[in-house]
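Participant: Handing over target20.cif, mmCIF, C-alpha atoms.
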data_coords
#
loop_
_atom_site.label_atom_id
_atom_site.label_comp_id
_atom_site.auth_asym_id
_atom_site.auth_seq_id
_atom_site.Cartn_x
_atom_site.Cartn_y
_atom_site.Cartn_z
CA MET S 1214 -18.17 10.21 -25.83
CA GLU S 1215 -21.89 9.43 -25.92
CA LYS S 1216 -24.13 10.80 -23.19
CA PRO S 1217 -24.99 8.01 -20.71
CA GLU S 1218 -28.53 6.74 -20.68
CA THR S 1219 -30.77 8.47 -18.14
CA GLN S 1220 -31.07 6.45 -14.94
CA THR S 1221 -32.87 6.69 -11.63
CA LEU S 1222 -30.73 8.54 -9.12
CA THR S 1223 -32.84 8.62 -5.99
CA HIS S 1224 -30.54 7.76 -3.10
CA ILE S 1225 -31.73 5.26 -0.52
CA PRO S 1226 -29.11 4.92 2.24
CA ALA S 1227 -27.28 1.58 2.17
CA ARG S 1228 -27.64 1.50 5.95
CA PRO S 1229 -30.91 2.88 7.37
CA VAL S 1230 -30.38 6.45 8.60
CA GLY S 1231 -32.61 8.94 10.34
CA ILE S 1232 -32.88 12.18 12.29
CA ILE S 1233 -31.86 11.61 15.90
CA GLY S 1234 -32.32 15.16 17.10
CA TYR S 1235 -33.30 18.55 15.68
CA GLY S 1236 -33.39 22.13 16.86
CA ALA S 1237 -34.37 25.53 15.50
CA TYR S 1238 -33.42 29.11 16.22
CA VAL S 1239 -35.06 32.41 15.25
CA PRO S 1240 -33.88 35.81 16.56
CA ARG S 1241 -36.44 37.79 18.53
CA TYR S 1242 -36.42 41.02 16.50
CA ARG S 1243 -39.08 41.49 13.77
CA LEU S 1244 -39.22 44.10 11.03
CA PRO S 1245 -42.76 44.48 9.64
CA ALA S 1246 -42.89 44.62 5.85
CA ARG S 1247 -44.97 47.78 6.14
CA GLU S 1248 -41.86 49.51 7.52
CA VAL S 1249 -39.86 48.70 4.39
CA ALA S 1250 -42.77 49.89 2.24
CA ARG S 1251 -43.07 53.06 4.31
CA ILE S 1252 -39.45 54.03 3.70
CA TRP S 1253 -39.07 53.05 0.06
CA LYS S 1254 -42.57 52.98 -1.44
CA GLY S 1255 -44.50 55.55 0.57
CA GLY S 1256 -46.38 52.72 2.26
CA LYS S 1257 -48.09 51.67 -0.98
CA ASP S 1258 -46.15 48.53 -1.94
CA GLU S 1259 -47.70 45.06 -1.65
CA ALA S 1260 -45.43 43.09 0.67
CA PRO S 1261 -44.47 39.44 -0.03
CA VAL S 1262 -44.47 38.63 3.73
CA ARG S 1263 -45.95 40.18 6.88
CA GLU S 1264 -42.62 40.60 8.65
CA LYS S 1265 -39.14 39.14 8.90
CA SER S 1266 -36.75 38.10 11.64
CA VAL S 1267 -33.67 40.27 12.24
CA PRO S 1268 -30.55 39.20 14.17
CA GLY S 1269 -29.44 41.19 17.18
CA ALA S 1270 -26.17 43.10 17.28
CA ASP S 1271 -24.46 40.13 18.95
CA GLU S 1272 -25.93 37.43 16.68
CA ASP S 1273 -24.54 35.84 13.54
CA VAL S 1274 -24.58 32.45 11.78
CA ILE S 1275 -22.18 31.00 14.34
CA THR S 1276 -24.07 32.03 17.48
CA MET S 1277 -27.41 30.98 16.02
CA SER S 1278 -25.99 27.64 14.85
CA ILE S 1279 -24.72 26.94 18.36
CA GLU S 1280 -28.19 27.54 19.82
CA ALA S 1281 -29.88 25.30 17.24
CA ALA S 1282 -27.24 22.59 17.66
CA ARG S 1283 -27.70 22.55 21.44
CA ASN S 1284 -31.44 22.08 20.92
CA ALA S 1285 -30.70 19.19 18.54
CA LEU S 1286 -28.37 17.59 21.11
CA ALA S 1287 -31.05 17.89 23.79
CA ARG S 1288 -33.52 16.00 21.61
CA ALA S 1289 -30.94 13.44 20.48
CA ARG S 1290 -29.95 12.79 24.10
CA ILE S 1291 -26.34 12.18 23.13
CA HIS S 1292 -23.15 13.97 24.10
CA ALA S 1293 -21.46 16.15 21.50
CA HIS S 1294 -18.25 14.10 21.76
CA GLU S 1295 -20.09 11.32 19.91
CA ILE S 1296 -20.56 13.49 16.80
CA ARG S 1297 -18.16 12.81 13.93
CA ALA S 1298 -19.06 15.72 11.61
CA VAL S 1299 -20.17 19.31 12.12
CA TRP S 1300 -21.20 20.94 8.86
CA VAL S 1301 -22.69 24.45 8.61
CA GLY S 1302 -24.49 25.52 5.45
CA SER S 1303 -24.98 29.26 4.89
CA GLU S 1304 -24.50 32.09 2.44
CA SER S 1305 -23.73 34.57 5.23
CA HIS S 1306 -20.83 33.03 7.15
CA PRO S 1307 -19.29 35.73 9.39
CA TYR S 1308 -15.81 35.20 7.95
CA ALA S 1309 -14.70 35.07 4.33
CA VAL S 1310 -11.68 33.03 5.45
CA LYS S 1311 -12.24 31.17 8.75
CA PRO S 1312 -14.76 28.39 9.15
CA SER S 1313 -17.96 28.73 11.13
CA SER S 1314 -18.01 24.98 11.75
CA THR S 1315 -14.90 24.82 13.95
CA VAL S 1316 -16.30 27.46 16.29
CA VAL S 1317 -19.64 25.66 16.49
CA ALA S 1318 -17.95 22.29 17.06
CA GLU S 1319 -15.85 23.55 19.94
CA ALA S 1320 -18.69 25.54 21.50
CA ILE S 1321 -20.99 22.49 21.70
CA GLY S 1322 -18.23 20.19 22.97
CA ALA S 1323 -17.54 18.11 19.87
CA PRO S 1324 -14.20 16.25 19.77
CA VAL S 1325 -11.10 17.56 18.01
CA SER S 1326 -11.25 14.44 15.81
CA VAL S 1327 -14.44 15.70 14.18
CA GLN S 1328 -14.93 16.50 10.49
CA ALA S 1329 -15.76 20.22 10.20
CA GLY S 1330 -16.60 22.32 7.18
CA ASP S 1331 -18.71 25.14 5.81
CA TRP S 1332 -21.09 24.49 2.93
CA GLU S 1333 -22.26 26.93 0.28
CA PHE S 1334 -24.97 26.60 -2.36
CA ALA S 1335 -27.13 29.65 -1.84
CA CYS S 1336 -30.35 28.66 -0.07
CA LYS S 1337 -29.73 24.91 -0.21
CA ALA S 1338 -26.37 24.93 1.55
CA GLY S 1339 -28.01 23.45 4.65
CA THR S 1340 -29.65 20.57 2.81
CA GLU S 1341 -26.36 19.87 0.99
CA ALA S 1342 -24.83 19.40 4.44
CA MET S 1343 -27.74 17.14 5.38
CA VAL S 1344 -27.22 14.91 2.32
CA ALA S 1345 -23.54 14.58 3.25
CA ALA S 1346 -24.42 13.76 6.86
CA ILE S 1347 -26.82 11.04 5.70
CA ALA S 1348 -24.11 9.60 3.45
CA MET S 1349 -21.48 9.68 6.21
CA VAL S 1350 -23.67 7.75 8.64
CA ALA S 1351 -24.81 5.31 5.94
CA ALA S 1352 -21.19 4.66 4.96
CA GLY S 1353 -20.29 3.82 8.56
CA MET S 1354 -17.72 6.63 8.82
CA GLY S 1355 -19.39 7.96 11.95
CA ARG S 1356 -22.37 7.12 14.13
CA TYR S 1357 -23.65 10.71 14.26
CA ALA S 1358 -23.24 13.74 11.99
CA LEU S 1359 -24.55 17.28 12.54
CA ALA S 1360 -25.91 19.33 9.61
CA ILE S 1361 -26.97 22.95 10.05
CA GLY S 1362 -28.70 25.41 7.72
CA MET S 1363 -28.51 28.97 9.04
CA ASP S 1364 -28.41 32.49 7.60
CA THR S 1365 -28.45 36.19 8.41
CA ALA S 1366 -29.46 37.21 4.90
CA GLN S 1367 -28.85 40.67 3.48
CA GLY S 1368 -30.83 42.71 0.98
CA ARG S 1369 -29.68 45.95 -0.61
CA PRO S 1370 -31.59 48.94 0.84
CA GLY S 1371 -34.64 49.55 -1.33
CA ASP S 1372 -34.31 46.22 -3.17
CA ALA S 1373 -37.20 43.76 -3.25
CA LEU S 1374 -35.06 41.33 -1.25
CA GLU S 1375 -35.10 43.68 1.73
CA TYR S 1376 -38.70 42.73 2.46
CA THR S 1377 -37.82 39.08 2.96
CA ALA S 1378 -34.07 38.58 3.69
CA ALA S 1379 -34.26 37.20 7.23
CA ALA S 1380 -32.35 35.30 9.90
CA GLY S 1381 -32.73 31.85 11.42
CA GLY S 1382 -32.43 28.17 10.66
CA ALA S 1383 -32.21 24.68 12.09
CA ALA S 1384 -29.79 21.90 13.03
CA TYR S 1385 -30.15 18.14 12.54
CA ILE S 1386 -28.25 15.22 13.99
CA LEU S 1387 -28.29 12.22 11.65
CA GLY S 1388 -27.66 8.73 13.00
CA PRO S 1389 -28.75 5.07 12.91
CA ALA S 1390 -32.41 4.54 12.02
CA GLU S 1391 -33.05 2.44 15.13
CA GLU S 1392 -32.48 5.58 17.24
CA ALA S 1393 -34.27 7.97 14.92
CA LEU S 1394 -37.34 10.11 15.43
CA ALA S 1395 -37.69 10.27 11.63
CA VAL S 1396 -36.20 7.78 9.16
CA VAL S 1397 -34.82 8.83 5.76
CA GLU S 1398 -36.71 6.97 3.03
CA GLY S 1399 -34.84 8.59 0.14
CA THR S 1400 -33.19 11.71 -1.27
CA TYR S 1401 -32.93 13.14 -4.77
CA SER S 1402 -31.03 16.18 -6.09
CA TYR S 1403 -31.55 18.18 -9.27
CA VAL S 1404 -29.15 20.93 -10.43
CA THR S 1405 -28.58 23.10 -13.51
CA ASP S 1406 -26.61 26.21 -14.43
CA THR S 1407 -29.42 28.77 -14.07
CA PRO S 1408 -28.26 32.35 -13.30
CA ASP S 1409 -31.15 33.56 -11.17
CA PHE S 1410 -29.23 35.01 -8.20
CA TRP S 1411 -25.57 35.68 -7.38
CA ARG S 1412 -23.08 37.75 -5.42
CA ARG S 1413 -19.57 38.27 -6.71
CA ALA S 1414 -16.52 38.41 -4.45
CA ASN S 1415 -16.17 41.70 -2.53
CA GLU S 1416 -19.77 42.67 -3.27
CA ARG S 1417 -21.85 43.25 -0.15
CA TYR S 1418 -25.30 42.59 -1.58
CA PRO S 1419 -26.57 39.95 -4.01
CA GLU S 1420 -28.04 40.56 -7.46
CA HIS S 1421 -30.97 38.71 -9.00
CA GLY S 1422 -31.94 37.96 -12.58
CA GLN S 1423 -35.62 38.83 -12.47
CA ARG S 1424 -36.85 36.73 -15.39
CA PHE S 1425 -35.00 33.62 -14.20
CA THR S 1426 -36.25 33.71 -10.61
CA GLY S 1427 -39.61 31.99 -10.97
CA ASP S 1428 -40.31 29.35 -13.62
CA PRO S 1429 -36.77 28.53 -14.87
CA ALA S 1430 -35.28 28.47 -11.39
CA TYR S 1431 -37.49 27.94 -8.33
CA PHE S 1432 -40.45 26.11 -9.87
CA LYS S 1433 -38.50 24.01 -12.37
CA HIS S 1434 -36.02 22.66 -9.85
CA ILE S 1435 -38.42 22.00 -6.99
CA THR S 1436 -40.98 20.24 -9.18
CA GLU S 1437 -38.35 18.12 -10.92
CA ALA S 1438 -36.80 17.02 -7.63
CA GLY S 1439 -40.10 16.46 -5.85
CA LYS S 1440 -41.74 14.56 -8.72
CA GLN S 1441 -38.76 12.28 -9.27
CA LEU S 1442 -38.39 11.37 -5.61
CA MET S 1443 -42.08 10.55 -5.25
CA LYS S 1444 -42.05 8.57 -8.51
CA ASP S 1445 -39.03 6.52 -7.53
CA LEU S 1446 -40.51 5.73 -4.12
CA GLY S 1447 -43.91 4.89 -5.61
CA LEU S 1448 -45.75 7.64 -3.75
CA THR S 1449 -48.15 10.47 -4.56
CA ALA S 1450 -49.00 13.62 -2.63
CA GLY S 1451 -51.92 11.77 -1.09
CA ASP S 1452 -49.56 9.29 0.58
CA ILE S 1453 -47.66 12.09 2.35
CA GLN S 1454 -48.96 13.94 5.40
CA TYR S 1455 -46.77 17.08 5.23
CA ALA S 1456 -44.72 18.93 2.65
CA VAL S 1457 -42.12 21.67 3.12
CA PHE S 1458 -40.71 23.71 0.25
CA HIS S 1459 -38.12 26.45 0.13
CA GLN S 1460 -40.02 29.61 1.01
CA PRO S 1461 -38.56 32.85 -0.35
CA ASN S 1462 -41.97 34.45 0.10
CA THR S 1463 -45.54 33.42 0.84
CA LYS S 1464 -46.81 32.74 -2.69
CA PHE S 1465 -44.06 30.59 -4.22
CA PRO S 1466 -44.33 27.60 -1.84
CA GLN S 1467 -48.13 27.69 -2.07
CA ARG S 1468 -47.99 27.61 -5.85
CA VAL S 1469 -45.38 24.85 -6.09
CA ALA S 1470 -47.33 22.76 -3.57
CA LYS S 1471 -50.38 22.94 -5.79
CA MET S 1472 -48.28 22.01 -8.83
CA LEU S 1473 -47.13 18.85 -7.03
CA GLY S 1474 -50.63 17.95 -5.82
CA PHE S 1475 -50.43 19.04 -2.18
CA THR S 1476 -53.20 20.82 -0.31
CA PRO S 1477 -52.84 24.01 1.76
CA GLU S 1478 -53.36 21.90 4.90
CA GLN S 1479 -50.33 19.74 4.09
CA ILE S 1480 -47.96 22.71 3.84
CA GLN S 1481 -49.40 25.03 6.49
CA PRO S 1482 -47.41 23.80 9.54
CA GLY S 1483 -44.09 24.33 7.76
CA LEU S 1484 -44.95 27.58 5.97
CA LEU S 1485 -43.11 30.10 8.14
CA SER S 1486 -42.05 32.75 5.63
CA PRO S 1487 -45.10 34.99 6.24
CA VAL S 1488 -43.99 35.58 9.84
CA ILE S 1489 -40.19 35.23 9.76
CA GLY S 1490 -39.31 35.91 6.11
CA ASN S 1491 -36.83 33.99 3.96
CA THR S 1492 -34.12 32.43 6.11
CA TYR S 1493 -32.24 31.31 2.99
CA ALA S 1494 -30.15 28.20 3.84
CA GLY S 1495 -32.36 27.72 6.89
CA ALA S 1496 -35.72 28.08 5.12
CA ALA S 1497 -36.59 24.48 4.22
CA MET S 1498 -34.81 23.14 7.31
CA ILE S 1499 -36.67 25.32 9.80
CA GLY S 1500 -39.91 24.50 8.00
CA LEU S 1501 -39.13 20.84 8.67
CA SER S 1502 -38.44 21.54 12.35
CA ALA S 1503 -41.86 23.19 12.70
CA VAL S 1504 -43.50 20.12 11.14
CA LEU S 1505 -41.58 17.71 13.39
CA ASP S 1506 -42.84 19.73 16.36
CA CYS S 1507 -46.43 18.73 15.57
CA ALA S 1508 -46.17 15.51 13.52
CA LYS S 1509 -47.33 12.10 14.78
CA PRO S 1510 -45.57 8.73 14.49
CA GLY S 1511 -45.93 7.20 11.03
CA ASP S 1512 -46.31 10.52 9.22
CA ARG S 1513 -44.43 11.03 5.97
CA ILE S 1514 -42.82 14.43 5.31
CA LEU S 1515 -41.56 15.63 1.94
CA VAL S 1516 -38.94 18.40 2.06
CA VAL S 1517 -37.61 20.11 -1.07
CA SER S 1518 -35.06 22.90 -0.79
CA PHE S 1519 -33.98 25.33 -3.50
CA GLY S 1520 -30.70 27.11 -3.99
CA SER S 1521 -30.03 29.68 -6.66
CA GLY S 1522 -27.50 28.87 -9.32
CA ALA S 1523 -29.48 26.48 -9.24
CA GLY S 1524 -30.60 23.26 -7.55
CA SER S 1525 -32.97 21.42 -5.26
CA ASP S 1526 -32.54 18.62 -2.71
CA ALA S 1527 -35.62 16.49 -2.03
CA PHE S 1528 -36.02 14.27 1.05
CA LEU S 1529 -38.72 11.94 2.27
CA PHE S 1530 -38.86 11.24 6.00
CA ARG S 1531 -41.12 8.89 7.95
CA THR S 1532 -41.56 9.67 11.64
CA THR S 1533 -41.25 7.04 14.38
CA GLU S 1534 -42.64 6.45 17.87
CA ALA S 1535 -39.53 8.15 19.31
CA LEU S 1536 -40.71 11.54 18.01
CA VAL S 1537 -43.42 12.10 20.62
CA GLU S 1538 -41.20 12.08 23.70
CA ARG S 1539 -38.47 14.17 22.04
CA GLN S 1540 -40.64 16.99 20.74
CA ARG S 1541 -40.69 18.73 24.13
CA LEU S 1542 -37.05 18.19 25.07
CA ALA S 1543 -36.08 21.60 23.67
CA LEU S 1544 -37.75 24.85 22.67
CA GLN S 1545 -40.03 24.37 19.69
CA THR S 1546 -39.92 26.43 16.53
CA GLN S 1547 -43.12 28.28 17.37
CA ASP S 1548 -41.67 29.16 20.79
CA TYR S 1549 -38.96 31.15 19.04
CA ILE S 1550 -41.44 32.72 16.62
CA ALA S 1551 -43.69 33.81 19.51
CA ARG S 1552 -40.74 35.47 21.28
CA ARG S 1553 -41.15 38.62 19.22
CA THR S 1554 -39.90 42.22 19.59
CA GLU S 1555 -40.99 44.60 16.84
CA ILE S 1556 -38.48 47.15 15.53
CA ASP S 1557 -38.69 50.05 13.09
CA TYR S 1558 -36.58 50.60 9.99
CA GLY S 1559 -34.10 52.81 11.83
CA MET S 1560 -33.29 50.10 14.38
CA TYR S 1561 -33.08 47.56 11.56
CA VAL S 1562 -30.49 49.71 9.76
CA ARG S 1563 -28.49 49.96 12.97
CA LEU S 1564 -28.62 46.24 13.79
CA ARG S 1565 -27.69 45.18 10.25
CA GLY S 1566 -24.87 47.71 9.90
CA LYS S 1567 -26.34 49.36 6.83
CA LEU S 1568 -24.98 52.82 7.66
CA ALA S 1569 -21.82 53.54 5.65
CA ASP S 1570 -19.03 55.64 7.21
#
Would you mind giving the structure from this file in structure tokens?
Facilitator:
Amino acid sequence: MEKPETQTLTHIPARPVGIIGYGAYVPRYRLPAREVARIWKGGKDEAPVREKSVPGADEDVITMSIEAARNALARARIHAHEIRAVWVGSESHPYAVKPSSTVVAEAIGAPVSVQAGDWEFACKAGTEAMVAAIAMVAAGMGRYALAIGMDTAQGRPGDALEYTAAAGGAAYILGPAEEALAVVEGTYSYVTDTPDFWRRANERYPEHGQRFTGDPAYFKHITEAGKQLMKDLGLTAGDIQYAVFHQPNTKFPQRVAKMLGFTPEQIQPGLLSPVIGNTYAGAAMIGLSAVLDCAKPGDRILVVSFGSGAGSDAFLFRTTEALVERQRLALQTQDYIARRTEIDYGMYVRLRGKLAD
């Protein structure tokens, strides 16, 4: 069979869809990168971030998703029984066999007739859930759908990932555009089989293919997705007020922004990795929540996630007049970031259960 001719695959919802409510969550504990360097590199290593967020002993993807979802409901000003899907994207679900989504759905008061499921695609599991939520609302299968990207990421002791593997994320309620604080103008996804990062069954910590991590994986997928979406919508970086990219560290999103024509000012509000680390499935989504906290009506926001294995989801949102009154209806992203308690490496090991029996 001949390969089909290449065609434009940017998705524009058949029915206008937008974000009705959003909410973030970041744990209060912070591990400075200098602490990791002190233990493993004698304090001489150059750190990729300043510090990272660490979940408390009683926090996991489920508890953090509930908090973010409640913030999203507060901004949406709807009752949870109106939601028709609860989807949680993460690569650190607490259970190997038992969904996070059913616990979240019941905790927030969603109906038993709700669609519930857990999504996995490394660091773009949350945006996968968001694409599905957009499609569900556009198809008329439900008026509102909840998509969450949340992680409590793990890094092997002494591995480079330990500097950045963090905790946090965000929740989004998608619904009809006439109620939205930000309308979806289009989405585009780009995926390939690129082995840059993986974790086999029964393995506690992930592995990473060093030479695949940068250009073949992160930069290739984000630039392809971002360029195609902007091209199909007839836009350039100059037409967009803010951009958010997956942020595994501080340098990668800055470099990819420059490659796509964005300025440091356009990405600064959503660049959170220097102060909370890489929240994996929550990284692009919590960057978006920080931008929505400060955006003005009429602003366009480009968001491009990245998930190892590998793929990117690109979204373009345009904010509406409804944003202004809803920004203060729940704790803002920076409120959680400011609520900071510094810990040392010993407390980090205890909280993350890194001590073997």
Participant: Starting from the displayed file, determine the output of the PyMOL selection byres ((chain S and resi 1546-1556) around 8) and express the residue list as number ranges by chain.
Facilitator: S: 1236-1245, 1488-1489, 1499, 1502-1503, 1506, 1544-1545, 1557-1558, 1560-1561
Participant: From the list S:Gly1524, S:Pro1461, S:Gly1447, S:Gly1256, which residue is nearest Thr1377 of chain S when using only C-alpha atoms?
Facilitator: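 Among S:Gly1524, S:Pro1461, S:Gly1447, S:Gly1256, it is S:Pro1461 that comes nearest to Thr1377 of chain S.
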Participant: Using only C-alpha atoms, which of the listed residues (S:Leu1374, S:Ala1390, S:Ala1246, S:Ala1497) sits closest to Asp1258 of chain S?
Facilitator: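 Nearest to Asp1258 of chain S: S:Ala1246.
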Participant: As a check of understanding, name the residues that the PyMOL selection byres ((chain S and resi 1362) around 7) selects in the supplied structure, as a PyMOL selection string.
Facilitator: chain S and resi 1301-1303+1338-1340+1360-1361+1363+1382-1384+1494-1495+1498
Participant: Hey, what's within 6 Å of segment 1400-1406 of chain S if we count only C-alpha atoms and toss same-chain stuff fewer than 2 positions away? As a ChimeraX atom specification, please?
Facilitator: /S:1223-1224,1438,1442,1522-1528
Participant: Applied to this file, what does the PyMOL selection byres ((chain S and resi 1331) around 8) return in terms of residues, put as number ranges by chain?
Facilitator: S: 1300-1303, 1312-1314, 1329-1330, 1332-1333
Participant: Based on the selection just made, write C-alpha atoms of those residues as a compact mmCIF listing (two decimals), in the frame of the given file.
Facilitator:
# COMPACT_ATOMS: atom_id res chain seq x y z
CA TRP S 1300 -21.20 20.94 8.86
CA VAL S 1301 -22.69 24.45 8.61
CA GLY S 1302 -24.49 25.52 5.45
CA SER S 1303 -24.98 29.26 4.89
CA PRO S 1312 -14.76 28.39 9.15
CA SER S 1313 -17.96 28.73 11.13
CA SER S 1314 -18.01 24.98 11.75
CA ALA S 1329 -15.76 20.22 10.20
CA GLY S 1330 -16.60 22.32 7.18
CA TRP S 1332 -21.09 24.49 2.93
CA GLU S 1333 -22.26 26.93 0.28
Participant: I'd like the neighbourhood of Val1516 of chain S as a list in words, where a residue qualifies if any of its atoms comes within 9 Å (using all atoms listed in the file), though same-chain residues fewer than 2 positions away should be ignored.
Facilitator: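 Result of the neighbour search: Gly1439, Tyr1455, Ala1456, Val1457, Phe1458, His1459, Ala1497, Met1498, Gly1500, Leu1501, Ile1514, Ser1518, Asp1526, Ala1527, Phe1528, Leu1529 and Phe1530 of chain S.
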Participant: Of the candidates S:Ile1275, S:Gly1234, S:Leu1505, S:Ala1358, which shows the shortest atom-to-atom distance to Ala1287 of chain S, using only C-alpha atoms?
Facilitator: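 Once distances to Ala1287 of chain S are computed over only C-alpha atoms, the minimum belongs to S:Gly1234.
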Participant: Figure out the distance between atom CA of Glu1304 of chain S and atom CA of Thr1276 of chain S, please, to one decimal in Å.
Facilitator: 15.0 Å
Participant: If I wrap all listed atoms of segment 1542-1553 of chain S in a box with edges along x, y and z and add 5 Å on each side, what are its centre and edge lengths in Å to one decimal, as lines of an AutoDock Vina configuration file?
Facilitator:
center_x = -39.9
center_y = 28.4
center_z = 20.8
size_x = 17.6
size_y = 30.4
size_z = 18.5
Participant: Nearest to Leu1473 of chain S among S:Gln1367, S:Ser1305, S:Gln1441, S:Thr1315, with distances taken over only C-alpha atoms: which residue is it?
Facilitator: S:Gln1441
Participant: For segment 1260-1275 of chain S, where the input has fewer atoms than it should, I would like N, CA, C and O atoms rebuilt and written as an mmCIF file, in the frame of the given file.
Facilitator:
data_model
loop_
_atom_site.group_PDB
_atom_site.id
_atom_site.type_symbol
_atom_site.label_atom_id
_atom_site.label_comp_id
_atom_site.auth_asym_id
_atom_site.auth_seq_id
_atom_site.Cartn_x
_atom_site.Cartn_y
_atom_site.Cartn_z
ATOM 1 N N ALA S 1260 -46.553 43.824 0.093
ATOM 2 C CA ALA S 1260 -45.430 43.090 0.670
ATOM 3 C C ALA S 1260 -45.566 41.589 0.453
ATOM 4 O O ALA S 1260 -46.669 41.037 0.530
ATOM 5 N N PRO S 1261 -44.439 40.894 0.191
ATOM 6 C CA PRO S 1261 -44.470 39.440 -0.030
ATOM 7 C C PRO S 1261 -44.578 38.634 1.265
ATOM 8 O O PRO S 1261 -44.860 37.434 1.222
ATOM 9 N N VAL S 1262 -44.308 39.267 2.422
ATOM 10 C CA VAL S 1262 -44.470 38.630 3.730
ATOM 11 C C VAL S 1262 -45.006 39.672 4.703
ATOM 12 O O VAL S 1262 -44.998 40.865 4.400
ATOM 13 N N ARG S 1263 -45.461 39.227 5.887
ATOM 14 C CA ARG S 1263 -45.950 40.180 6.880
ATOM 15 C C ARG S 1263 -44.787 40.853 7.614
ATOM 16 O O ARG S 1263 -44.814 42.054 7.860
ATOM 17 N N GLU S 1264 -43.792 40.070 7.977
ATOM 18 C CA GLU S 1264 -42.620 40.600 8.650
ATOM 19 C C GLU S 1264 -41.490 39.599 8.543
ATOM 20 O O GLU S 1264 -41.685 38.458 8.093
ATOM 21 N N LYS S 1265 -40.297 40.039 8.962
ATOM 22 C CA LYS S 1265 -39.140 39.140 8.900
ATOM 23 C C LYS S 1265 -38.337 39.229 10.181
ATOM 24 O O LYS S 1265 -38.364 40.235 10.902
ATOM 25 N N SER S 1266 -37.606 38.148 10.472
ATOM 26 C CA SER S 1266 -36.750 38.100 11.640
ATOM 27 C C SER S 1266 -35.434 38.818 11.354
ATOM 28 O O SER S 1266 -34.913 38.765 10.236
ATOM 29 N N VAL S 1267 -34.906 39.486 12.375
ATOM 30 C CA VAL S 1267 -33.670 40.270 12.240
ATOM 31 C C VAL S 1267 -32.732 39.889 13.386
ATOM 32 O O VAL S 1267 -33.151 39.891 14.551
ATOM 33 N N PRO S 1268 -31.474 39.565 13.095
ATOM 34 C CA PRO S 1268 -30.550 39.200 14.170
ATOM 35 C C PRO S 1268 -30.169 40.397 15.023
ATOM 36 O O PRO S 1268 -30.099 41.530 14.539
ATOM 37 N N GLY S 1269 -29.905 40.143 16.297
ATOM 38 C CA GLY S 1269 -29.440 41.190 17.180
ATOM 39 C C GLY S 1269 -27.997 41.567 16.870
ATOM 40 O O GLY S 1269 -27.318 40.905 16.072
ATOM 41 N N ALA S 1270 -27.519 42.617 17.533
ATOM 42 C CA ALA S 1270 -26.170 43.100 17.280
ATOM 43 C C ALA S 1270 -25.110 42.071 17.629
ATOM 44 O O ALA S 1270 -23.995 42.094 17.077
ATOM 45 N N ASP S 1271 -25.426 41.148 18.533
ATOM 46 C CA ASP S 1271 -24.460 40.130 18.950
ATOM 47 C C ASP S 1271 -24.769 38.762 18.367
ATOM 48 O O ASP S 1271 -24.290 37.741 18.862
ATOM 49 N N GLU S 1272 -25.557 38.709 17.290
ATOM 50 C CA GLU S 1272 -25.930 37.430 16.680
ATOM 51 C C GLU S 1272 -25.394 37.322 15.263
ATOM 52 O O GLU S 1272 -25.397 38.291 14.511
ATOM 53 N N ASP S 1273 -24.945 36.138 14.917
ATOM 54 C CA ASP S 1273 -24.540 35.840 13.540
ATOM 55 C C ASP S 1273 -24.787 34.361 13.288
ATOM 56 O O ASP S 1273 -25.378 33.657 14.128
ATOM 57 N N VAL S 1274 -24.344 33.854 12.134
ATOM 58 C CA VAL S 1274 -24.580 32.450 11.780
ATOM 59 C C VAL S 1274 -23.978 31.508 12.819
ATOM 60 O O VAL S 1274 -24.561 30.467 13.149
ATOM 61 N N ILE S 1275 -22.824 31.858 13.357
ATOM 62 C CA ILE S 1275 -22.180 31.000 14.340
ATOM 63 C C ILE S 1275 -22.978 30.920 15.639
ATOM 64 O O ILE S 1275 -23.289 29.828 16.132
#
